[in-house]
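So this one's entry09.txt, compact mmCIF, C-alpha atoms and all ligand atoms:
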```txt
# COMPACT_ATOMS: atom_id res chain seq x y z
CA PHE A 17 -105.57 177.46 241.99
CA ILE A 18 -104.87 177.84 238.28
CA THR A 19 -107.86 180.10 237.60
CA GLY A 20 -106.72 183.58 236.62
CA ARG A 21 -103.04 182.64 236.46
CA LYS A 22 -101.21 182.70 233.17
CA LYS A 23 -97.63 181.64 233.70
CA ALA A 24 -96.42 178.16 234.57
CA THR A 25 -94.06 179.63 237.17
CA GLU A 26 -97.05 181.27 238.91
CA VAL A 27 -98.80 177.91 238.99
CA ALA A 28 -95.69 176.39 240.60
CA HIS A 29 -95.50 179.18 243.18
CA SER A 30 -99.17 178.58 244.08
CA VAL A 31 -98.45 174.91 244.74
CA TRP A 32 -95.42 175.80 246.91
CA LYS A 33 -97.63 178.07 249.04
CA ASN A 34 -99.68 175.04 250.03
CA ILE A 35 -96.62 173.04 251.07
CA ILE A 36 -94.30 175.51 252.81
CA GLN A 37 -94.69 176.74 256.38
CA LYS A 38 -92.85 179.68 257.96
CA GLY A 39 -89.53 178.55 259.38
CA ASP A 40 -89.06 175.69 256.88
CA THR A 41 -85.82 174.76 255.16
CA VAL A 42 -86.10 174.73 251.35
CA ILE A 43 -83.72 174.51 248.40
CA ASP A 44 -83.66 176.47 245.14
CA ALA A 45 -81.54 174.09 243.06
CA THR A 46 -81.26 176.53 240.11
CA CYS A 47 -81.14 180.17 241.27
CA GLY A 48 -80.79 181.78 237.82
CA ASN A 49 -81.99 185.37 238.12
CA GLY A 50 -83.43 184.79 241.60
CA TYR A 51 -87.18 185.05 241.06
CA ASP A 52 -87.86 181.62 242.56
CA THR A 53 -85.41 182.28 245.42
CA LEU A 54 -87.29 185.48 246.22
CA ALA A 55 -90.64 183.66 246.16
CA LEU A 56 -89.24 180.99 248.50
CA LEU A 57 -87.78 183.58 250.86
CA THR A 58 -91.19 185.26 251.12
CA LEU A 59 -92.87 181.96 252.00
CA VAL A 60 -90.26 180.73 254.48
CA ALA A 61 -89.00 183.78 256.39
CA ASP A 62 -90.83 185.04 259.45
CA GLU A 63 -90.25 188.05 261.70
CA SER A 64 -88.01 186.12 264.10
CA GLY A 65 -85.59 185.24 261.29
CA ARG A 66 -86.38 181.52 261.22
CA GLY A 67 -86.39 179.58 257.96
CA CYS A 68 -83.66 178.77 255.49
CA VAL A 69 -83.40 178.94 251.72
CA TYR A 70 -80.34 177.28 250.22
CA GLY A 71 -79.90 178.69 246.72
CA MET A 72 -77.46 177.08 244.33
CA ASP A 73 -76.23 177.60 240.79
CA ILE A 74 -73.09 176.65 238.88
CA GLN A 75 -72.69 180.20 237.52
CA GLN A 76 -71.39 183.11 239.58
CA GLU A 77 -73.39 185.44 237.30
CA ALA A 78 -76.62 183.76 238.42
CA LEU A 79 -75.70 184.05 242.11
CA ASP A 80 -74.82 187.74 241.61
CA ASN A 81 -78.15 188.37 239.83
CA THR A 82 -80.03 186.59 242.62
CA SER A 83 -78.19 188.54 245.28
CA ALA A 84 -78.97 191.83 243.52
CA LEU A 85 -82.67 190.95 243.20
CA LEU A 86 -82.93 190.05 246.88
CA GLU A 87 -81.19 193.28 247.84
CA ILE A 88 -83.78 195.44 246.11
CA SER A 89 -86.83 193.25 246.87
CA ALA A 90 -86.47 191.83 250.37
CA GLU A 91 -85.96 193.31 253.83
CA GLU A 92 -82.51 192.83 255.31
CA ASN A 93 -83.59 190.61 258.23
CA LYS A 94 -85.44 188.30 255.82
CA ARG A 95 -82.59 188.22 253.28
CA LYS A 96 -80.41 186.63 255.93
CA VAL A 97 -82.27 183.33 255.65
CA VAL A 98 -80.91 182.86 252.09
CA LYS A 99 -77.58 181.08 251.69
CA LEU A 100 -76.27 181.28 248.13
CA LEU A 101 -73.81 178.63 247.01
CA LYS A 102 -71.84 178.08 243.80
CA LEU A 103 -72.56 174.38 243.58
CA CYS A 104 -73.88 171.74 241.20
CA HIS A 105 -77.28 170.68 242.52
CA SER A 106 -76.25 167.01 242.37
CA LYS A 107 -74.03 167.89 245.39
CA MET A 108 -76.84 169.34 247.52
CA GLU A 109 -76.19 166.77 250.25
CA ASP A 110 -72.79 168.39 250.84
CA ILE A 111 -74.62 171.35 252.39
CA VAL A 112 -77.76 169.69 253.76
CA GLN A 113 -76.33 166.92 255.85
CA ASN A 114 -79.47 166.05 257.78
CA GLY A 115 -81.60 163.71 255.68
CA ASN A 116 -85.37 164.32 255.83
CA SER A 117 -85.08 167.97 256.82
CA VAL A 118 -86.09 169.89 253.70
CA ARG A 119 -89.75 170.68 252.85
CA LEU A 120 -89.32 171.73 249.21
CA VAL A 121 -86.68 171.40 246.50
CA VAL A 122 -87.25 173.55 243.43
CA PHE A 123 -85.72 173.09 239.98
CA ASN A 124 -86.20 175.54 237.12
CA LEU A 125 -84.15 173.88 234.40
CA GLY A 126 -82.44 175.06 231.22
CA TYR A 127 -80.17 178.09 230.80
CA LEU A 128 -79.87 181.44 232.54
CA PRO A 129 -82.28 183.89 230.85
CA GLY A 130 -80.12 186.72 229.49
CA GLY A 131 -76.97 184.65 230.03
CA ASP A 132 -74.90 182.05 228.15
CA LYS A 133 -77.32 179.61 226.50
CA ALA A 134 -74.53 177.02 226.22
CA ILE A 135 -74.46 176.60 230.02
CA LEU A 136 -77.55 174.66 230.89
CA THR A 137 -78.84 171.81 233.02
CA MET A 138 -77.99 168.28 231.81
CA PRO A 139 -80.08 165.12 232.25
CA GLY A 140 -77.26 163.23 234.06
CA THR A 141 -76.70 165.80 236.82
CA THR A 142 -80.41 166.65 236.94
CA LEU A 143 -81.23 162.99 237.68
CA ALA A 144 -78.50 162.76 240.31
CA ALA A 145 -79.89 165.94 241.88
CA LEU A 146 -83.45 164.56 241.87
CA GLN A 147 -82.23 161.46 243.70
CA ALA A 148 -80.39 163.63 246.23
CA ALA A 149 -83.52 165.78 246.64
CA GLY A 150 -85.52 162.66 247.39
CA ARG A 151 -83.11 161.82 250.21
CA VAL A 152 -83.08 165.25 251.89
CA LEU A 153 -86.85 165.72 251.66
CA VAL A 154 -89.08 165.44 254.72
CA SER A 155 -92.20 163.30 254.59
CA GLY A 156 -94.96 165.56 253.20
CA GLY A 157 -92.40 167.50 251.17
CA LEU A 158 -92.28 168.28 247.46
CA ILE A 159 -89.83 168.31 244.55
CA SER A 160 -91.02 170.87 241.97
CA VAL A 161 -89.41 170.70 238.52
CA MET A 162 -90.04 173.21 235.73
CA VAL A 163 -88.82 171.76 232.43
CA TYR A 164 -88.38 173.71 229.19
CA VAL A 165 -88.72 171.77 225.95
CA GLY A 166 -88.13 174.56 223.41
CA HIS A 167 -84.31 174.36 223.37
CA PRO A 168 -82.10 171.53 222.01
CA GLY A 169 -81.91 168.74 224.59
CA GLY A 170 -84.96 169.99 226.50
CA ARG A 171 -87.21 167.12 225.40
CA ASP A 172 -84.55 164.54 226.34
CA GLU A 173 -84.26 166.11 229.77
CA LEU A 174 -88.06 165.99 230.17
CA GLU A 175 -88.07 162.32 229.19
CA SER A 176 -85.43 161.37 231.73
CA ILE A 177 -87.28 163.27 234.48
CA GLN A 178 -90.54 161.59 233.50
CA GLY A 179 -88.78 158.22 233.61
CA PHE A 180 -87.52 158.99 237.11
CA ALA A 181 -90.89 160.29 238.37
CA SER A 182 -92.87 157.41 236.83
CA GLY A 183 -90.62 154.79 238.40
CA LEU A 184 -91.04 155.96 242.01
CA PRO A 185 -92.88 153.51 244.29
CA VAL A 186 -96.47 154.61 244.80
CA GLU A 187 -96.38 153.68 248.51
CA SER A 188 -93.91 156.52 249.18
CA TRP A 189 -94.33 158.98 246.30
CA ALA A 190 -97.02 160.66 244.18
CA SER A 191 -95.84 162.27 240.94
CA PHE A 192 -97.79 164.54 238.61
CA LYS A 193 -97.25 166.26 235.27
CA LEU A 194 -98.82 169.61 234.36
CA GLU A 195 -98.49 170.84 230.80
CA MET A 196 -100.05 173.61 228.72
CA LEU A 197 -102.58 172.19 226.28
CA ASN A 198 -102.76 175.35 224.18
CA ARG A 199 -98.97 175.84 223.97
CA PRO A 200 -97.27 172.51 223.20
CA THR A 201 -93.75 173.98 223.50
CA GLY A 202 -94.59 175.64 226.82
CA PRO A 203 -92.86 174.64 230.06
CA VAL A 204 -93.89 171.41 231.76
CA LEU A 205 -94.25 171.26 235.53
CA ILE A 206 -93.42 167.96 237.24
CA LEU A 207 -94.52 167.69 240.87
CA ILE A 208 -93.16 164.87 243.02
CA PHE A 209 -94.70 164.58 246.50
CA LYS A 210 -93.08 162.48 249.24
CA LYS A 211 -95.79 160.72 251.24
N1 LIG A 301 -85.01 179.88 238.96
C1 LIG A 301 -84.46 180.89 238.11
C2 LIG A 301 -85.20 182.19 238.24
O1 LIG A 301 -86.21 182.29 238.97
O2 LIG A 301 -84.77 183.16 237.61
C3 LIG A 301 -84.27 180.43 236.68
C4 LIG A 301 -83.29 179.30 236.53
S1 LIG A 301 -82.52 179.17 234.95
C5 LIG A 301 -83.85 178.70 233.90
C6 LIG A 301 -81.54 177.72 235.08
C7 LIG A 301 -80.28 177.89 235.91
O3 LIG A 301 -79.75 176.59 236.19
C8 LIG A 301 -79.15 178.66 235.22
O4 LIG A 301 -78.83 179.81 235.94
C9 LIG A 301 -77.99 177.66 235.21
O5 LIG A 301 -76.73 178.24 235.44
C10 LIG A 301 -78.36 176.73 236.33
N2 LIG A 301 -77.71 175.41 236.28
C11 LIG A 301 -77.36 174.69 235.20
N3 LIG A 301 -76.81 173.52 235.57
C12 LIG A 301 -76.81 173.50 236.93
C13 LIG A 301 -76.36 172.56 237.90
N4 LIG A 301 -75.81 171.40 237.53
N5 LIG A 301 -76.50 172.86 239.20
C14 LIG A 301 -77.06 174.05 239.58
N6 LIG A 301 -77.51 174.98 238.70
C15 LIG A 301 -77.38 174.71 237.39
```

Transcribe the structure of this file into structure tokens.
Ligand code: SAM
Amino acid sequence: FITGRKKATEVAHSVWKNIIQKGDTVIDATCGNGYDTLALLTLVADESGRGCVYGMDIQQEALDNTSALLEISAEENKRKVVKLLKLCHSKMEDIVQNGNSVRLVVFNLGYLPGGDKAILTMPGTTLAALQAAGRVLVSGGLISVMVYVGHPGGRDELESIQGFASGLPVESWASFKLEMLNRPTGPVLILIFKK
């Protein structure tokens, strides 16, 4: 699936396509400018309005940007499946009460492109959010984490995520790491499948 694709985010989207079915419930744990939310909406929403994308971010600016992108890029009946929330992703269980009901949880870490670079994901809350994601995920579901190592603290965040993903019991989880060999500071994609 990588052939012909250039960007790590496109690789991630290709993997999601193989996991998500129409009508699924999914979570975008870091909405940012909304490109991942839009991709998720396209994969989940069907004509009858089924499906649900919970999109969360701690910054109102990110939620506004996501909302604006959806408005110009998605049909109104499909847009309705997206619920945007100003919330730290470590609190995702506050909105998804039913454990084992979510097919995909997506993280695209770091700071808001075009926004305040001082507001960014932190290893502590990221780890708490990964644990929460593991609890809400359905069997056969996926946690997809895009990690950026080019900014201060990025490598530490990658290491804590790798520690988390490596320590998961192999009977219930399969975790993978995808990195660019010809761009060492490029984003790293961690994929964590729930068996
Ligand atoms: N997925 C986005 C897109 O397609 O444009 C890009 C996401 S951006 C790289 C990272 C986002 O994570 C920022 O908007 C930032 O505000 C958000 N963020 C940082 N800490 C967070 C937290 N604890 N909970 C939820 N979002 C957080």

Kindly assemble as JSON lines a list of the region 97-194 of chain A residues that lie within 9 Å of region 57-77 of chain A, each paired with its nearest atom pair and their distance in Å to one decimal, using all atoms listed in the file, sorted first by chain and then by ascending residue number.
```
{"residue": "A:Val97", "atom": "CA", "partner": "A:Cys68", "partner_atom": "CA", "distance": 4.8}
{"residue": "A:Val98", "atom": "CA", "partner": "A:Val69", "partner_atom": "CA", "distance": 4.7}
{"residue": "A:Lys99", "atom": "CA", "partner": "A:Tyr70", "partner_atom": "CA", "distance": 4.9}
{"residue": "A:Leu100", "atom": "CA", "partner": "A:Gly71", "partner_atom": "CA", "distance": 4.7}
{"residue": "A:Leu101", "atom": "CA", "partner": "A:Met72", "partner_atom": "CA", "distance": 4.8}
{"residue": "A:Lys102", "atom": "CA", "partner": "A:Ile74", "partner_atom": "CA", "distance": 5.3}
{"residue": "A:Leu103", "atom": "CA", "partner": "A:Ile74", "partner_atom": "CA", "distance": 5.2}
{"residue": "A:Cys104", "atom": "CA", "partner": "A:Ile74", "partner_atom": "CA", "distance": 5.5}
{"residue": "A:His105", "atom": "CA", "partner": "A:Met72", "partner_atom": "CA", "distance": 6.7}
{"residue": "A:Met108", "atom": "CA", "partner": "A:Met72", "partner_atom": "CA", "distance": 8.4}
{"residue": "A:Ile111", "atom": "CA", "partner": "A:Tyr70", "partner_atom": "CA", "distance": 8.5}
{"residue": "A:Val112", "atom": "CA", "partner": "A:Tyr70", "partner_atom": "CA", "distance": 8.8}
{"residue": "A:Leu128", "atom": "CA", "partner": "A:Gln75", "partner_atom": "CA", "distance": 8.8}
{"residue": "A:Gly131", "atom": "CA", "partner": "A:Glu77", "partner_atom": "CA", "distance": 8.1}
{"residue": "A:Ile135", "atom": "CA", "partner": "A:Gln75", "partner_atom": "CA", "distance": 8.5}
```

Exercise answer, 7 Å around ligand LIG 301 (chain A) with only C-alpha atoms and all ligand atoms, as a PDB file with C-alpha atoms, in the coordinates of the input:
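Saved as pocket.pdb:
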```pdb
ATOM      1  CA  ALA A  45     -81.540 174.090 243.060  1.00  0.00           C
ATOM      2  CA  THR A  46     -81.260 176.530 240.110  1.00  0.00           C
ATOM      3  CA  CYS A  47     -81.140 180.170 241.270  1.00  0.00           C
ATOM      4  CA  GLY A  48     -80.790 181.780 237.820  1.00  0.00           C
ATOM      5  CA  ASN A  49     -81.990 185.370 238.120  1.00  0.00           C
ATOM      6  CA  GLY A  50     -83.430 184.790 241.600  1.00  0.00           C
ATOM      7  CA  TYR A  51     -87.180 185.050 241.060  1.00  0.00           C
ATOM      8  CA  ASP A  52     -87.860 181.620 242.560  1.00  0.00           C
ATOM      9  CA  THR A  53     -85.410 182.280 245.420  1.00  0.00           C
ATOM     10  CA  MET A  72     -77.460 177.080 244.330  1.00  0.00           C
ATOM     11  CA  ASP A  73     -76.230 177.600 240.790  1.00  0.00           C
ATOM     12  CA  ILE A  74     -73.090 176.650 238.880  1.00  0.00           C
ATOM     13  CA  GLN A  75     -72.690 180.200 237.520  1.00  0.00           C
ATOM     14  CA  ALA A  78     -76.620 183.760 238.420  1.00  0.00           C
ATOM     15  CA  LEU A 103     -72.560 174.380 243.580  1.00  0.00           C
ATOM     16  CA  CYS A 104     -73.880 171.740 241.200  1.00  0.00           C
ATOM     17  CA  HIS A 105     -77.280 170.680 242.520  1.00  0.00           C
ATOM     18  CA  SER A 106     -76.250 167.010 242.370  1.00  0.00           C
ATOM     19  CA  PHE A 123     -85.720 173.090 239.980  1.00  0.00           C
ATOM     20  CA  ASN A 124     -86.200 175.540 237.120  1.00  0.00           C
ATOM     21  CA  LEU A 125     -84.150 173.880 234.400  1.00  0.00           C
ATOM     22  CA  GLY A 126     -82.440 175.060 231.220  1.00  0.00           C
ATOM     23  CA  TYR A 127     -80.170 178.090 230.800  1.00  0.00           C
ATOM     24  CA  LEU A 128     -79.870 181.440 232.540  1.00  0.00           C
ATOM     25  CA  PRO A 129     -82.280 183.890 230.850  1.00  0.00           C
ATOM     26  CA  ILE A 135     -74.460 176.600 230.020  1.00  0.00           C
ATOM     27  CA  LEU A 136     -77.550 174.660 230.890  1.00  0.00           C
ATOM     28  CA  THR A 137     -78.840 171.810 233.020  1.00  0.00           C
ATOM     29  CA  MET A 138     -77.990 168.280 231.810  1.00  0.00           C
ATOM     30  CA  THR A 141     -76.700 165.800 236.820  1.00  0.00           C
ATOM     31  CA  THR A 142     -80.410 166.650 236.940  1.00  0.00           C
TER      32      THR A 142
END
```

Problem set entry | For CA of Asp40 (chain A) and CA of Lys210 (chain A), the interatomic separation in Å (one decimal) |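 One can read the CA of Asp40 (chain A) to CA of Lys210 (chain A) distance as 15.8 Å.
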
For this session: Pick out the residues sitting within 10 Å of Phe192 (chain A), and hand them over as a list in words; count all atoms listed in the file, and ignore anything fewer than 6 positions along from it in its own chain.
Result: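 In the requested format, the answer is Ser160, Gln178, Ala181, Ser182, Leu205, Ile206, Leu207, Ile208 and Phe209 of chain A.
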
Compile a residue-level contact table for region 44-135 of chain A against region 148-159 of chain A at a cut-off of 7 Å, reporting for every qualifying residue the shortest atom pair and its distance in Å to one decimal, with all atoms listed in the file counted, rows ordered by chain and ascending number, as a tab-separated table.
```
residue	atom	partner	partner_atom	distance
A:Ser106	CA	A:Ala148	CA	6.6
A:Met108	CA	A:Ala148	CA	6.8
A:Glu109	CA	A:Ala148	CA	6.6
A:Asn114	CA	A:Val152	CA	7.0
A:Gly115	CA	A:Val152	CA	4.4
A:Asn116	CA	A:Val154	CA	4.0
A:Ser117	CA	A:Val154	CA	5.2
A:Val118	CA	A:Leu153	CA	4.7
A:Arg119	CA	A:Gly157	CA	4.5
A:Leu120	CA	A:Leu158	CA	4.9
A:Val121	CA	A:Ile159	CA	4.8
A:Val122	CA	A:Ile159	CA	5.9
```

Exercise. To one decimal place, how far is CA of Lys107 (chain A) from CA of Ala144 (chain A) in Å?
Worked result: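 Distance reported for this atom pair: 8.5 Å.
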
For this session: Return the single residue from A:Met162, A:Leu174, A:Leu54, A:Val204 that is closest to Lys96 (chain A), with distances computed using all atoms listed in the file.
Result: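 Checking each of A:Met162, A:Leu174, A:Leu54, A:Val204 against Lys96 (chain A), counting all atoms listed in the file, the winner is A:Leu54.
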
Problem set entry | CA of Gly140 (chain A) to CA of Gly179 (chain A), distance in Å rounded to a single decimal | 12.6 Å

For this session: Give the answer as one residue: which of A:Ala90, A:Tyr164, A:Phe180, A:Val186 has the shortest atom-to-atom distance to Pro200 (chain A), using only C-alpha atoms?
Result: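 Going through A:Ala90, A:Tyr164, A:Phe180, A:Val186 one by one, the smallest distance to Pro200 (chain A) is for A:Tyr164.
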
For this session: Go through A:Asp44, A:Val161, A:Leu197, A:Leu143 one by one, measure the shortest atom-to-atom distance of each to Ala28 (chain A) using only C-alpha atoms, and give the residue with the smallest value.
Result: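 Of the candidates, the smallest distance to Ala28 (chain A) is held by A:Val161.
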
Problem set entry | Using all atoms listed in the file: which of A:Lys23, A:Lys133, A:Leu56, A:Thr201 has the shortest distance to Gln37 (chain A) |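 Among the listed residues, A:Leu56 lies closest to Gln37 (chain A).
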